[in-house]
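> Submitted below is the structure of interest, expressed as structure tokens.
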2 protein chains.
Amino acid sequence: MKLYSYFRSSAAFRVRIAINLKGLSYDTELVDLSTGAHLSGKYKTVNPQGRVPALIDKDKILIQSISIIEYLEEAYPTPSLLPSTMEERAWVRGIANIIACDIHPLNNLAVLNYLTGVLSVGTEQKLEWYRHWVAEGLEAIEKMLLENSKRKEFCCGDEPGLADICLVPQVFNAQRFECDLSEYPFVERIFNSCMKLEAFDLAQPSKQPEAERFK
Amino acid sequence: MKLYSYFRSSAAFRVRIAINLKGLSYDTELVDLSTGAHLSGKYKTVNPQGRVPALIDKDKILIQSISIIEYLEEAYPTPSLLPSTMEERAWVRGIANIIACDIHPLNNLAVLNYLTGVLSVGTEQKLEWYRHWVAEGLEAIEKMLLENSKRKEFCCGDEPGLADICLVPQVFNAQRFECDLSEYPFVERIFNSCMKLEAFDLAQPSKQPEAERFK
């Protein structure tokens with residue numbers, strides 16, 4: 001399979017983790033967001049939305065990180081990235097969607113560029129915006145983790161899954177923008193558990209080949 | 001089942017449609033976003049994120065509209081809201097997530113209030129922001145619809161499903177903010193097909209009991 005990826009894209013980061021957890025291998029096709037390569041006509045023939053990631057598997061193009069991970073779960077069911085009961089799956093997807101729908105979309109590059117460009121928002125206000133949505137989302141997630149009796153090493157049980165896959169890149173982003181995470185001890189603990197695993201570690205931004213160029 | 005809902009919430013609108021399409025019935029518990037009821041301690045014991053919708057089914061609390069719909073699909077499989085092949089399911093989830101992750105989160109009430117409140121963005125600039133994200137997302141969706149050989153009356157085939165469930169409330173929002181939709185003929189056509197169905201029609205904002213109060 002081929003993954004259209006960019007080291008700092010946390011949506012691509014999610015898919016890198018998922019592929020690694022499934023024990024699959026992939027070729028990376030760099031889409032350099034820093035030069036606008038995602039908005040090129042060439043890339044838009046792959047993904048009309050012009051966003052990363054996109055995954056090609058068996059000649060099919062897949063877009064949107066959560067959809068891609070649901071596809072991977074169906075196409076390569078073992079090891080599973082979702083719990084065995086439908087109630088737990090709904091809980092896990094709830095955590096994943098708090099991040100994928102209510103934190104990350106507000107803080108991605110396109111939005112930050114709109115804020116500073118079109119709306120002339122200053123650096124400090126941009127940071128406040130960023131931290132506001134991170135805090136609002138992680139506060140809810142911390143509470144949900146606290147109340148979940150199935151929380152163990154990972155968000156839901158002893159094996160990492162979809163919720164952890166979304167949480168880790170979000171924590172990376174939060175750290176990069178120096179958000180205060182001290183109020184989210186369960187989030188931090190799960191983050192640390194995940195980062196001990198090769199599947200997460202090898203997927204992190206600094207370990208992608210193109211990261212070298214940005215040092 | 002009990003749905004915590006608000007007539008204008010397009011995420012709640014999605015779940016209302018899904019429940020109707022499944023032929024299930026539900027009681028509505030109004031969470032009045034206009035008075036900040038979603039941020040009350042009482043509602044946050046239901047949904048720590050303080051957003052609508054939330055669904056209670058068999059004493060389990062479910063949050064996040066897409067997670068809720070995936071749950072409904074698992075708990076009440078007939079009629080199905082997802083296609084029969086995993087490639088088509090991925091395509092449908094891709095459309096759903098363009099809306100749920102990249103259009104709607106940027107245009108919901110919390111974000112618009114942040115723009116006009118904290119960032120002192122004016123009315124015209126707020127409208128431009130709104131229309132920008134609608135146009136960017138619907139442009140990609142229109143292209144995906146154009147290229148999908150399975151598109152018929154609905155996004156993917158002759159029966160409505162998850163993609164249509166997300167598309168219709170998004171079009172309602174776009175119309176409310178007077179976005180120009182003339183460049184998205186497939187979107188409009190599918191919207192019209194959906195709105196002929198009672199499941200969609202009865203779920204629309206103006207047909208919710210609390211809508212009366214806001215006339």
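Residue names in the structure tokens use chain letters A, B, ... in the order shown, residue numbers from 1 in each chain, and ligand numbers from 1 in the order shown.
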Compute the set of chain A residues within 7 Å of chain B, using only C-alpha atoms, and express it as a list of chain:residue names.
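Close to chain B, chain A has A:Pro48, A:Gln49, A:Leu62, A:Ile63, A:Gln64, A:Ser67, A:Ile68, A:Tyr71, A:Glu74, A:Met86, A:Ala90, A:Trp91, A:Arg93, A:Gly94, A:Asn97, A:Ala100, A:Cys101, A:Asp102, A:Pro105, A:Leu106, A:Ala140, A:Lys143.
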> Residues of range 51-163 of chain A in strand (DSSP E) according to DSSP, as a list of chain:residue names?
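Matching residues, listed in order: A:Ala54, A:Leu55, A:Ile56, A:Asp57, A:Lys60, A:Ile61, A:Leu62, A:Ile63.
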> Tell me which of B:Ile56, B:Leu81, B:Leu33, B:Ala110 sits closest to Cys166 in chain B, counting only C-alpha atoms.
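Of B:Ile56, B:Leu81, B:Leu33, B:Ala110, the one nearest Cys166 in chain B, counting only C-alpha atoms, is B:Leu81.
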> List as a list in words the protein and nucleic acid residues near Gln175 in chain A, meaning an atom at most 12 Å away when only C-alpha atoms are counted, but skip any in the same chain fewer than 4 places from it.
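So the residues in contact are Tyr130, Arg131, Val134, Val168, Pro169, Gln170, Val171, Cys179, Asp180, Leu181, Ser182, Glu188 and Phe191 of chain A.
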> Using all C-alpha atoms paired in order, least-squares fit chain A onto chain B and give me the moved copy as a compact mmCIF listing (two decimals) with C-alpha atoms, in the first residue's frame.

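Below is the file that was written, superposed.txt:
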# COMPACT_ATOMS: atom_id res chain seq x y z
CA MET A 1 -34.09 5.54 23.26
CA LYS A 2 -33.64 9.14 24.28
CA LEU A 3 -31.98 11.74 22.08
CA TYR A 4 -30.53 14.93 23.55
CA SER A 5 -31.17 17.24 20.66
CA TYR A 6 -31.51 20.82 19.49
CA PHE A 7 -33.37 21.71 16.33
CA ARG A 8 -30.56 23.67 14.69
CA SER A 9 -27.74 21.29 15.59
CA SER A 10 -26.75 19.62 12.38
CA ALA A 11 -25.00 16.84 14.29
CA ALA A 12 -28.29 16.09 16.09
CA PHE A 13 -30.08 16.37 12.73
CA ARG A 14 -27.84 13.58 11.39
CA VAL A 15 -28.81 11.28 14.24
CA ARG A 16 -32.52 12.13 13.91
CA ILE A 17 -32.34 11.07 10.25
CA ALA A 18 -30.45 7.86 11.06
CA ILE A 19 -32.95 6.82 13.74
CA ASN A 20 -35.83 7.55 11.37
CA LEU A 21 -34.22 5.58 8.53
CA LYS A 22 -33.80 2.64 10.89
CA GLY A 23 -37.51 2.81 11.64
CA LEU A 24 -36.83 3.33 15.36
CA SER A 25 -38.57 5.76 17.66
CA TYR A 26 -37.08 8.04 20.27
CA ASP A 27 -37.95 10.59 22.89
CA THR A 28 -36.40 14.01 22.51
CA GLU A 29 -34.76 15.77 25.43
CA LEU A 30 -34.24 19.37 24.42
CA VAL A 31 -30.82 20.86 25.13
CA ASP A 32 -31.34 24.53 24.40
CA LEU A 33 -28.06 25.77 22.95
CA SER A 34 -29.50 29.28 22.77
CA THR A 35 -29.57 29.50 26.58
CA GLY A 36 -26.32 27.62 27.14
CA ALA A 37 -28.09 24.54 28.55
CA HIS A 38 -25.44 22.34 26.92
CA LEU A 39 -22.80 23.84 29.21
CA SER A 40 -24.73 23.18 32.41
CA GLY A 41 -23.37 20.78 35.01
CA LYS A 42 -26.52 18.71 34.59
CA TYR A 43 -26.00 18.08 30.89
CA LYS A 44 -22.28 17.54 31.33
CA THR A 45 -23.04 14.52 33.51
CA VAL A 46 -24.63 13.09 30.34
CA ASN A 47 -22.01 14.36 27.90
CA PRO A 48 -18.76 15.66 29.42
CA GLN A 49 -18.11 17.45 26.15
CA GLY A 50 -21.25 19.54 26.57
CA ARG A 51 -22.31 19.15 22.98
CA VAL A 52 -25.36 17.72 21.29
CA PRO A 53 -26.36 15.13 20.35
CA ALA A 54 -26.10 12.44 22.97
CA LEU A 55 -28.16 9.28 22.73
CA ILE A 56 -29.19 6.96 25.52
CA ASP A 57 -29.96 3.45 24.36
CA LYS A 58 -30.36 0.54 26.76
CA ASP A 59 -28.97 2.67 29.59
CA LYS A 60 -25.78 3.40 27.66
CA ILE A 61 -24.80 6.98 26.87
CA LEU A 62 -23.43 7.54 23.38
CA ILE A 63 -21.87 10.76 22.10
CA GLN A 64 -20.53 12.17 18.81
CA SER A 65 -22.95 11.89 15.91
CA ILE A 66 -20.83 9.68 13.65
CA SER A 67 -20.05 7.29 16.52
CA ILE A 68 -23.74 7.18 17.37
CA ILE A 69 -24.66 6.34 13.78
CA GLU A 70 -21.98 3.62 13.60
CA TYR A 71 -23.46 2.24 16.83
CA LEU A 72 -27.00 2.32 15.41
CA GLU A 73 -25.71 0.48 12.34
CA GLU A 74 -24.26 -2.26 14.54
CA ALA A 75 -27.15 -2.49 16.99
CA TYR A 76 -29.95 -2.21 14.42
CA PRO A 77 -28.44 -3.45 11.16
CA THR A 78 -31.58 -3.31 9.00
CA PRO A 79 -31.95 -1.26 6.87
CA SER A 80 -28.23 -0.71 6.51
CA LEU A 81 -26.82 2.80 6.31
CA LEU A 82 -23.54 1.60 4.80
CA PRO A 83 -22.85 -0.13 1.46
CA SER A 84 -22.10 -3.83 1.25
CA THR A 85 -18.44 -3.65 0.16
CA MET A 86 -15.61 -2.33 2.29
CA GLU A 87 -14.33 -0.10 -0.51
CA GLU A 88 -17.73 1.57 -0.84
CA ARG A 89 -18.03 1.86 2.92
CA ALA A 90 -14.68 3.65 2.96
CA TRP A 91 -15.87 6.02 0.22
CA VAL A 92 -19.10 6.77 2.08
CA ARG A 93 -17.26 7.33 5.35
CA GLY A 94 -14.87 9.60 3.46
CA ILE A 95 -17.74 11.85 2.36
CA ALA A 96 -19.24 11.76 5.84
CA ASN A 97 -15.92 12.75 7.39
CA ILE A 98 -15.25 15.60 4.97
CA ILE A 99 -18.44 17.09 6.38
CA ALA A 100 -18.10 15.96 9.98
CA CYS A 101 -14.39 16.79 10.30
CA ASP A 102 -13.61 19.53 7.81
CA ILE A 103 -16.74 21.60 7.24
CA HIS A 104 -19.08 21.45 10.17
CA PRO A 105 -16.58 21.82 13.07
CA LEU A 106 -15.40 25.12 11.65
CA ASN A 107 -18.89 26.51 11.40
CA ASN A 108 -20.61 25.42 14.56
CA LEU A 109 -21.97 27.80 17.18
CA ALA A 110 -19.00 27.55 19.56
CA VAL A 111 -16.56 28.51 16.81
CA LEU A 112 -18.67 31.33 15.40
CA ASN A 113 -19.06 32.73 18.92
CA TYR A 114 -15.30 32.55 19.44
CA LEU A 115 -14.73 34.41 16.17
CA THR A 116 -17.17 37.21 16.90
CA GLY A 117 -16.50 37.31 20.66
CA VAL A 118 -12.83 36.70 21.45
CA LEU A 119 -11.47 37.64 18.03
CA SER A 120 -13.94 40.49 17.34
CA VAL A 121 -14.52 39.29 13.80
CA GLY A 122 -17.24 41.26 12.03
CA THR A 123 -20.41 39.86 10.48
CA GLU A 124 -19.18 39.98 6.90
CA GLN A 125 -15.88 38.27 7.73
CA LYS A 126 -17.74 35.65 9.75
CA LEU A 127 -19.93 34.90 6.74
CA GLU A 128 -16.88 34.68 4.50
CA TRP A 129 -15.27 32.25 6.93
CA TYR A 130 -18.43 30.15 6.95
CA ARG A 131 -18.75 30.09 3.19
CA HIS A 132 -15.07 29.38 2.68
CA TRP A 133 -15.17 26.06 4.53
CA VAL A 134 -18.50 25.08 2.99
CA ALA A 135 -17.19 25.77 -0.52
CA GLU A 136 -13.89 23.95 0.06
CA GLY A 137 -15.65 20.85 1.37
CA LEU A 138 -18.55 20.73 -1.06
CA GLU A 139 -16.22 21.24 -4.01
CA ALA A 140 -14.37 18.05 -3.07
CA ILE A 141 -17.62 16.19 -2.45
CA GLU A 142 -19.09 17.29 -5.79
CA LYS A 143 -15.99 15.95 -7.54
CA MET A 144 -16.18 12.67 -5.66
CA LEU A 145 -19.86 12.33 -6.54
CA LEU A 146 -19.13 13.07 -10.18
CA GLU A 147 -16.53 10.31 -10.28
CA ASN A 148 -18.49 7.70 -8.35
CA SER A 149 -20.12 5.20 -10.71
CA LYS A 150 -22.32 3.98 -7.84
CA ARG A 151 -23.97 7.39 -7.40
CA LYS A 152 -27.66 7.14 -8.21
CA GLU A 153 -30.56 8.74 -6.41
CA PHE A 154 -28.30 8.98 -3.38
CA CYS A 155 -24.57 9.41 -2.80
CA CYS A 156 -23.88 5.71 -3.20
CA GLY A 157 -26.71 3.70 -4.70
CA ASP A 158 -30.49 3.64 -4.57
CA GLU A 159 -30.83 3.80 -0.82
CA PRO A 160 -29.85 6.66 1.48
CA GLY A 161 -27.02 6.09 3.92
CA LEU A 162 -24.34 7.69 6.06
CA ALA A 163 -23.06 10.06 3.36
CA ASP A 164 -26.57 11.37 2.64
CA ILE A 165 -27.26 11.65 6.37
CA CYS A 166 -24.30 14.01 6.70
CA LEU A 167 -24.85 15.86 3.44
CA VAL A 168 -28.43 16.98 4.04
CA PRO A 169 -27.87 18.85 7.34
CA GLN A 170 -24.77 20.44 5.82
CA VAL A 171 -26.83 21.74 2.90
CA PHE A 172 -29.42 23.09 5.34
CA ASN A 173 -26.66 24.98 7.15
CA ALA A 174 -25.25 26.26 3.89
CA GLN A 175 -28.67 27.50 2.80
CA ARG A 176 -29.21 29.22 6.14
CA PHE A 177 -25.96 31.13 5.63
CA GLU A 178 -26.85 31.83 2.01
CA CYS A 179 -23.96 29.94 0.48
CA ASP A 180 -24.05 29.68 -3.29
CA LEU A 181 -24.71 26.01 -4.05
CA SER A 182 -25.18 26.36 -7.80
CA GLU A 183 -21.77 24.86 -8.51
CA TYR A 184 -22.70 21.61 -6.81
CA PRO A 185 -25.46 20.10 -8.95
CA PHE A 186 -24.96 16.54 -7.70
CA VAL A 187 -25.09 17.73 -4.12
CA GLU A 188 -28.32 19.59 -4.84
CA ARG A 189 -29.86 16.67 -6.69
CA ILE A 190 -29.10 14.25 -3.87
CA PHE A 191 -30.36 16.74 -1.33
CA ASN A 192 -33.66 16.93 -3.20
CA SER A 193 -33.93 13.14 -3.41
CA CYS A 194 -33.39 12.87 0.32
CA MET A 195 -35.88 15.54 1.26
CA LYS A 196 -38.65 13.63 -0.50
CA LEU A 197 -38.26 10.95 2.17
CA GLU A 198 -40.15 11.21 5.44
CA ALA A 199 -37.07 10.11 7.42
CA PHE A 200 -35.24 13.24 6.30
CA ASP A 201 -38.22 15.56 6.20
CA LEU A 202 -39.38 14.86 9.74
CA ALA A 203 -35.83 15.30 11.07
CA GLN A 204 -35.37 18.80 9.69
CA PRO A 205 -34.93 21.71 12.11
CA SER A 206 -38.27 23.43 11.40
CA LYS A 207 -40.18 20.26 12.26
CA GLN A 208 -38.72 19.89 15.74
CA PRO A 209 -41.06 20.95 18.57
CA GLU A 210 -38.76 23.69 19.89
CA ALA A 211 -38.57 25.36 16.47
CA GLU A 212 -41.90 27.06 17.21
CA ARG A 213 -40.32 29.17 19.92
CA PHE A 214 -37.75 30.63 17.57
CA LYS A 215 -40.14 31.80 14.89
> I need the alpha helix (DSSP H) residues of chain A per DSSP on the backbone, written as a ChimeraX atom specification.
/A:10-21,41-46,65-75,86-97,104-107,109-116,123-147,162-176,185-195,198-201
